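Have a look at start.cif; it's mmCIF, C-alpha atoms:
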```
data_model
loop_
_atom_site.label_atom_id
_atom_site.label_comp_id
_atom_site.auth_asym_id
_atom_site.auth_seq_id
_atom_site.Cartn_x
_atom_site.Cartn_y
_atom_site.Cartn_z
CA MET A 1 -31.91 -1.93 -19.13
CA THR A 2 -29.07 -0.17 -17.31
CA VAL A 3 -26.82 -2.51 -15.33
CA ILE A 4 -23.99 -1.96 -12.87
CA LEU A 5 -21.59 -4.42 -11.31
CA ALA A 6 -21.57 -4.13 -7.49
CA ILE A 7 -18.58 -5.69 -5.76
CA GLY A 8 -18.66 -5.92 -1.98
CA GLY A 9 -19.60 -7.85 1.13
CA THR A 10 -22.88 -9.10 2.50
CA ASP A 11 -24.21 -7.64 5.74
CA SER A 12 -26.43 -9.86 7.85
CA SER A 13 -28.05 -6.81 9.45
CA GLY A 14 -29.15 -5.59 6.02
CA GLY A 15 -27.93 -2.07 6.71
CA ALA A 16 -25.00 -1.84 4.32
CA GLY A 17 -23.04 -3.72 1.68
CA LEU A 18 -24.62 -5.39 -1.32
CA THR A 19 -28.13 -5.20 0.16
CA ARG A 20 -27.94 -1.41 0.31
CA ASP A 21 -26.29 -1.25 -3.14
CA THR A 22 -29.18 -3.19 -4.65
CA ALA A 23 -31.83 -1.09 -2.89
CA MET A 24 -30.33 2.21 -4.05
CA ALA A 25 -29.87 0.98 -7.62
CA ALA A 26 -33.48 -0.20 -7.72
CA GLU A 27 -34.65 3.31 -6.77
CA LEU A 28 -32.76 4.60 -9.80
CA ALA A 29 -34.14 1.92 -12.14
CA VAL A 30 -30.77 0.17 -12.43
CA THR A 31 -30.12 -3.56 -12.16
CA VAL A 32 -27.27 -4.84 -9.96
CA ARG A 33 -25.05 -7.79 -10.75
CA PRO A 34 -23.58 -8.63 -7.34
CA VAL A 35 -20.08 -9.99 -6.71
CA VAL A 36 -19.55 -11.18 -3.13
CA THR A 37 -16.10 -10.55 -1.67
CA ALA A 38 -16.92 -11.57 1.90
CA VAL A 39 -19.72 -12.69 4.15
CA THR A 40 -19.80 -10.48 7.23
CA VAL A 41 -21.58 -11.26 10.48
CA GLN A 42 -22.90 -7.89 11.66
CA THR A 43 -25.49 -6.21 13.79
CA ASP A 44 -26.13 -2.47 13.86
CA ALA A 45 -23.70 -2.29 16.78
CA ALA A 46 -20.80 -4.59 15.94
CA VAL A 47 -18.92 -6.70 13.42
CA LEU A 48 -18.97 -10.21 14.87
CA GLY A 49 -17.17 -11.99 12.06
CA VAL A 50 -15.76 -11.66 8.54
CA HIS A 51 -15.50 -14.62 6.18
CA PRO A 52 -13.64 -13.66 2.98
CA CYS A 53 -14.34 -15.35 -0.34
CA PRO A 54 -11.26 -16.79 -2.06
CA PRO A 55 -9.85 -14.27 -4.59
CA THR A 56 -10.29 -16.83 -7.38
CA ALA A 57 -13.99 -17.08 -6.57
CA VAL A 58 -14.27 -13.28 -6.60
CA ALA A 59 -12.62 -13.13 -10.04
CA GLU A 60 -14.86 -15.89 -11.38
CA GLN A 61 -17.96 -13.96 -10.26
CA VAL A 62 -16.69 -10.84 -12.04
CA HIS A 63 -16.05 -12.77 -15.27
CA ALA A 64 -19.52 -14.35 -15.13
CA ALA A 65 -21.22 -11.02 -14.48
CA LEU A 66 -19.39 -9.38 -17.37
CA ALA A 67 -20.31 -12.24 -19.71
CA THR A 68 -24.03 -11.71 -19.08
CA ALA A 69 -25.90 -9.39 -21.46
CA PRO A 70 -26.43 -6.51 -21.36
CA ALA A 71 -22.95 -5.43 -20.33
CA PRO A 72 -22.63 -3.38 -17.13
CA GLY A 73 -22.17 0.34 -17.70
CA ALA A 74 -20.17 0.96 -14.53
CA VAL A 75 -18.73 -0.75 -11.47
CA LYS A 76 -19.21 0.09 -7.82
CA ILE A 77 -16.60 -1.40 -5.48
CA GLY A 78 -17.18 -1.46 -1.76
CA MET A 79 -15.65 -3.87 0.74
CA LEU A 80 -12.77 -5.88 -0.70
CA GLY A 81 -11.28 -7.18 2.52
CA SER A 82 -7.77 -7.93 1.32
CA ALA A 83 -5.06 -6.88 -1.10
CA GLU A 84 -5.40 -10.27 -2.78
CA ALA A 85 -9.09 -9.67 -3.49
CA ALA A 86 -8.31 -6.17 -4.78
CA GLU A 87 -5.69 -7.58 -7.14
CA ALA A 88 -8.09 -10.26 -8.39
CA VAL A 89 -10.77 -7.64 -9.07
CA GLY A 90 -8.29 -5.36 -10.84
CA LEU A 91 -7.16 -8.15 -13.14
CA ALA A 92 -10.73 -9.24 -13.91
CA LEU A 93 -12.17 -5.81 -14.76
CA PRO A 94 -11.66 -4.60 -18.33
CA ALA A 95 -10.08 -1.25 -19.10
CA GLY A 96 -12.45 1.58 -19.84
CA LEU A 97 -15.31 0.52 -17.55
CA PRO A 98 -16.03 3.38 -15.11
CA ILE A 99 -15.19 2.38 -11.53
CA VAL A 100 -16.56 4.06 -8.41
CA LEU A 101 -14.51 2.97 -5.41
CA ASP A 102 -15.90 3.38 -1.90
CA PRO A 103 -12.69 2.71 0.09
CA VAL A 104 -14.18 0.71 2.96
CA LEU A 105 -11.58 0.48 5.73
CA LYS A 106 -13.90 0.01 8.70
CA ALA A 107 -17.53 -0.86 9.27
CA SER A 108 -19.76 1.86 10.71
CA SER A 109 -19.83 -0.19 13.91
CA GLY A 110 -16.02 -0.02 14.13
CA GLY A 111 -14.65 -3.32 12.86
CA THR A 112 -11.59 -3.17 10.58
CA LEU A 113 -12.34 -4.50 7.09
CA MET A 114 -9.33 -3.48 4.96
CA ASP A 115 -5.77 -2.20 5.21
CA ALA A 116 -5.20 1.24 3.72
CA ASP A 117 -2.46 0.06 1.36
CA GLY A 118 -4.45 -2.87 0.00
CA PHE A 119 -6.24 -1.22 -2.93
CA GLY A 120 -3.27 -1.32 -5.28
CA THR A 121 -3.94 -0.17 -8.83
CA LEU A 122 -7.70 0.08 -8.24
CA LEU A 123 -7.23 3.54 -6.70
CA ARG A 124 -5.59 4.86 -9.86
CA ARG A 125 -8.05 3.11 -12.16
CA ALA A 126 -11.14 4.45 -10.42
CA ALA A 127 -13.08 7.23 -12.11
CA LEU A 128 -14.17 8.28 -8.62
CA VAL A 129 -13.05 7.49 -5.07
CA THR A 130 -15.49 8.39 -2.27
CA PRO A 131 -13.72 8.53 1.13
CA ASN A 132 -15.18 9.96 4.30
CA LEU A 133 -13.01 12.31 6.34
CA ALA A 134 -11.27 9.53 8.28
CA GLU A 135 -10.65 7.43 5.16
CA LEU A 136 -9.28 10.46 3.31
CA GLU A 137 -6.63 11.05 5.99
CA VAL A 138 -5.54 7.41 5.96
CA LEU A 139 -5.40 7.12 2.17
CA ALA A 140 -3.66 10.48 1.66
CA GLY A 141 -1.00 9.72 4.24
CA VAL A 142 -0.63 13.38 5.21
CA GLY A 143 -2.15 15.80 7.70
CA GLY A 144 -3.58 19.23 7.07
CA SER A 145 -6.77 20.50 5.50
CA ILE A 146 -9.19 18.54 3.37
CA GLU A 147 -7.74 20.30 0.34
CA VAL A 148 -4.20 19.24 1.20
CA LYS A 149 -5.24 15.64 1.78
CA ALA A 150 -7.29 15.50 -1.42
CA ALA A 151 -4.35 16.93 -3.39
CA ALA A 152 -2.08 14.25 -1.93
CA LEU A 153 -4.52 11.55 -2.98
CA LEU A 154 -4.84 13.01 -6.49
CA ALA A 155 -1.03 13.09 -6.71
CA GLN A 156 -1.07 9.31 -6.27
CA GLY A 157 -2.93 9.05 -9.57
CA VAL A 158 -6.53 8.98 -8.34
CA GLN A 159 -8.72 10.46 -11.08
CA ALA A 160 -11.29 12.22 -8.86
CA VAL A 161 -12.10 12.33 -5.14
CA LEU A 162 -15.51 12.95 -3.62
CA VAL A 163 -14.93 13.70 0.07
CA LYS A 164 -18.07 12.93 2.04
CA GLY A 165 -19.07 15.49 4.64
CA GLY A 166 -21.50 13.39 6.65
CA HIS A 167 -19.16 13.23 9.64
CA GLY A 168 -18.71 17.00 9.73
CA THR A 169 -20.71 19.58 11.65
CA GLY A 170 -23.05 22.45 10.84
CA THR A 171 -26.54 22.80 9.36
CA GLU A 172 -25.38 21.73 5.91
CA CYS A 173 -23.73 18.49 4.84
CA THR A 174 -21.27 19.44 2.11
CA ASP A 175 -19.40 16.92 0.00
CA LEU A 176 -16.42 18.19 -2.00
CA LEU A 177 -15.53 16.86 -5.45
CA PHE A 178 -11.85 17.26 -6.38
CA THR A 179 -10.70 16.49 -9.92
CA GLN A 180 -7.34 16.16 -11.64
CA ASP A 181 -7.87 19.45 -13.52
CA GLY A 182 -7.92 21.36 -10.22
CA ALA A 183 -11.66 21.84 -9.91
CA VAL A 184 -13.26 21.81 -6.46
CA ILE A 185 -17.03 21.41 -6.65
CA PRO A 186 -19.12 21.66 -3.45
CA LEU A 187 -22.27 19.56 -3.23
CA ALA A 188 -24.41 20.75 -0.31
CA ALA A 189 -27.63 19.54 1.25
CA GLN A 190 -29.41 20.20 4.51
CA ARG A 191 -27.99 18.12 7.35
CA LEU A 192 -30.83 15.89 8.54
CA PRO A 193 -31.30 14.75 12.16
CA VAL A 194 -30.93 11.06 11.25
CA SER A 195 -28.08 8.60 11.39
CA LYS A 196 -28.17 5.65 9.03
CA ARG A 197 -25.70 2.92 8.18
CA GLY A 198 -25.09 2.42 4.50
CA THR A 199 -24.94 6.06 3.42
CA GLY A 200 -21.48 5.59 1.91
CA CYS A 201 -22.62 2.50 0.02
CA SER A 202 -25.66 4.39 -1.23
CA LEU A 203 -23.72 7.42 -2.45
CA ALA A 204 -21.12 5.43 -4.37
CA THR A 205 -23.77 3.15 -5.87
CA ALA A 206 -25.91 6.08 -6.97
CA ALA A 207 -22.90 7.73 -8.61
CA ALA A 208 -22.11 4.49 -10.47
CA CYS A 209 -25.74 4.23 -11.59
CA HIS A 210 -25.73 7.74 -13.03
CA LEU A 211 -22.38 7.17 -14.76
CA ALA A 212 -23.83 4.00 -16.31
CA GLN A 213 -26.81 6.05 -17.49
CA GLY A 214 -24.45 8.44 -19.29
CA ALA A 215 -24.07 11.34 -16.87
CA ALA A 216 -20.82 13.28 -16.72
CA LEU A 217 -18.90 12.86 -13.45
CA PRO A 218 -19.92 16.13 -11.71
CA ASP A 219 -23.56 15.57 -12.66
CA ALA A 220 -23.42 11.94 -11.52
CA CYS A 221 -22.07 13.06 -8.13
CA SER A 222 -24.71 15.77 -7.74
CA LYS A 223 -27.52 13.37 -8.62
CA ALA A 224 -26.10 10.77 -6.25
CA LYS A 225 -26.07 13.31 -3.43
CA ASP A 226 -29.73 14.10 -4.14
CA ALA A 227 -30.65 10.40 -4.16
CA VAL A 228 -29.08 9.80 -0.76
CA HIS A 229 -30.74 12.91 0.67
CA ARG A 230 -34.15 11.69 -0.55
CA TRP A 231 -33.54 8.31 1.12
CA LEU A 232 -32.51 9.92 4.42
CA ARG A 233 -35.54 12.21 4.41
CA ARG A 234 -37.81 9.18 4.08
#
```

How does the structure come out when it is put into structure tokens?
Amino acid sequence: MTVILAIGGTDSSGGAGLTRDTAMAAELAVTVRPVVTAVTVQTDAAVLGVHPCPPTAVAEQVHAALATAPAPGAVKIGMLGSAEAAEAVGLALPAGLPIVLDPVLKASSGGTLMDADGFGTLLRRAALVTPNLAELEVLAGVGGSIEVKAAALLAQGVQAVLVKGGHGTGTECTDLLFTQDGAVIPLAAQRLPVSKRGTGCSLATAAACHLAQGAALPDACSKAKDAVHRWLRR
């Protein structure tokens, strides 16, 4: 049995967060051990409330999940909600466990969920960070092209960046994978005439699932892109 640890918030609308993580992992025959960082009150249109879990409770969930056999093969981190929660997660996770970080700053409906400087060492520890175009600009702290922003983020110590192209334009949706060795790998798929919440959760979760199953990073990203495209087509 392949297992991943999914760290994030609940979403009462069911469209994103741990619900979407679990659904995507199930499609890939992977079991999720959930760690709740916050209970959010959401509809498809708005964030009505956010109720963070105490950082100690978040850390205790991580320790319990890690102590359960079989051991998780990777970690997907979504909404953290605060620098204190990020620090608690960083201290609780062991070295060497692949981390996929979806840097959730805002909900799709617009509510702010995290400050840009709150991720701390988790950014540098992540095997993969998956920002959308807006998140990339905030995290990089510079203007310019996608390449310039990705380079600025890599210079901060991030191991690899998968820039999601879902908010772009054109007939193709192209994600770009940037790695510390200078590689830039495009991952393209037909842009579909649908708009769904939870695509970022799904992509990061699928990448974590494939890393846990032993795929190399570029292959894990490519397979994750395919998994999300299949879901959107349905």

Distance CA of Gly198 (chain A)-CA of Val142 (chain A), one decimal place? 26.8 Å

Considering only C-alpha atoms, return as a PDB file with C-alpha atoms, keeping the file's coordinate frame whatever protein or nucleic-acid residues lie within 12 Å of Leu105 (chain A), sequence-local ones (same chain, fewer than 5 positions apart) excluded.
```
ATOM      1  CA  GLY A  78     -17.180  -1.460  -1.760  1.00  0.00           C
ATOM      2  CA  MET A  79     -15.650  -3.870   0.740  1.00  0.00           C
ATOM      3  CA  LEU A  80     -12.770  -5.880  -0.700  1.00  0.00           C
ATOM      4  CA  GLY A  81     -11.280  -7.180   2.520  1.00  0.00           C
ATOM      5  CA  SER A  82      -7.770  -7.930   1.320  1.00  0.00           C
ATOM      6  CA  ALA A  83      -5.060  -6.880  -1.100  1.00  0.00           C
ATOM      7  CA  GLY A 110     -16.020  -0.020  14.130  1.00  0.00           C
ATOM      8  CA  GLY A 111     -14.650  -3.320  12.860  1.00  0.00           C
ATOM      9  CA  THR A 112     -11.590  -3.170  10.580  1.00  0.00           C
ATOM     10  CA  LEU A 113     -12.340  -4.500   7.090  1.00  0.00           C
ATOM     11  CA  MET A 114      -9.330  -3.480   4.960  1.00  0.00           C
ATOM     12  CA  ASP A 115      -5.770  -2.200   5.210  1.00  0.00           C
ATOM     13  CA  ALA A 116      -5.200   1.240   3.720  1.00  0.00           C
ATOM     14  CA  ASP A 117      -2.460   0.060   1.360  1.00  0.00           C
ATOM     15  CA  GLY A 118      -4.450  -2.870   0.000  1.00  0.00           C
ATOM     16  CA  PHE A 119      -6.240  -1.220  -2.930  1.00  0.00           C
ATOM     17  CA  THR A 130     -15.490   8.390  -2.270  1.00  0.00           C
ATOM     18  CA  PRO A 131     -13.720   8.530   1.130  1.00  0.00           C
ATOM     19  CA  ASN A 132     -15.180   9.960   4.300  1.00  0.00           C
ATOM     20  CA  LEU A 133     -13.010  12.310   6.340  1.00  0.00           C
ATOM     21  CA  ALA A 134     -11.270   9.530   8.280  1.00  0.00           C
ATOM     22  CA  GLU A 135     -10.650   7.430   5.160  1.00  0.00           C
ATOM     23  CA  LEU A 136      -9.280  10.460   3.310  1.00  0.00           C
ATOM     24  CA  GLU A 137      -6.630  11.050   5.990  1.00  0.00           C
ATOM     25  CA  VAL A 138      -5.540   7.410   5.960  1.00  0.00           C
ATOM     26  CA  LEU A 139      -5.400   7.120   2.170  1.00  0.00           C
ATOM     27  CA  GLY A 200     -21.480   5.590   1.910  1.00  0.00           C
TER      28      GLY A 200
END
```

Need to verify the contact set: Ala67 (chain A), 12 Å, all atoms listed in the file, exclusion of same-chain residues closer than 3 positions in sequence. Can you return it as a PyMOL selection string? chain A and resi 5+33+60-64+70-72+92-94

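Closest approach to Ala16 (chain A) among A:Cys201, A:Val89, A:Leu162, A:Val184 is made by A:Cys201 (distances from only C-alpha atoms).
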
Give me the result of the PyMOL selection byres ((chain A and resi 40-44) around 6) on this file, residue by residue, as a PDB file with C-alpha atoms, keeping the file's coordinate frame.
```pdb
ATOM      1  CA  THR A  10     -22.880  -9.100   2.500  1.00  0.00           C
ATOM      2  CA  ASP A  11     -24.210  -7.640   5.740  1.00  0.00           C
ATOM      3  CA  SER A  12     -26.430  -9.860   7.850  1.00  0.00           C
ATOM      4  CA  SER A  13     -28.050  -6.810   9.450  1.00  0.00           C
ATOM      5  CA  VAL A  39     -19.720 -12.690   4.150  1.00  0.00           C
ATOM      6  CA  ALA A  45     -23.700  -2.290  16.780  1.00  0.00           C
ATOM      7  CA  ALA A  46     -20.800  -4.590  15.940  1.00  0.00           C
ATOM      8  CA  VAL A  47     -18.920  -6.700  13.420  1.00  0.00           C
ATOM      9  CA  LEU A  48     -18.970 -10.210  14.870  1.00  0.00           C
ATOM     10  CA  GLY A  49     -17.170 -11.990  12.060  1.00  0.00           C
ATOM     11  CA  VAL A  50     -15.760 -11.660   8.540  1.00  0.00           C
TER      12      VAL A  50
END
```

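The closest residue to Trp231 (chain A), picked from A:Ala23, A:Ala155, A:Ile4, A:Cys209 and counting only C-alpha atoms, is A:Ala23.
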
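Separating CA of Glu147 (chain A) from CA of Leu176 (chain A) is a distance of 9.2 Å.
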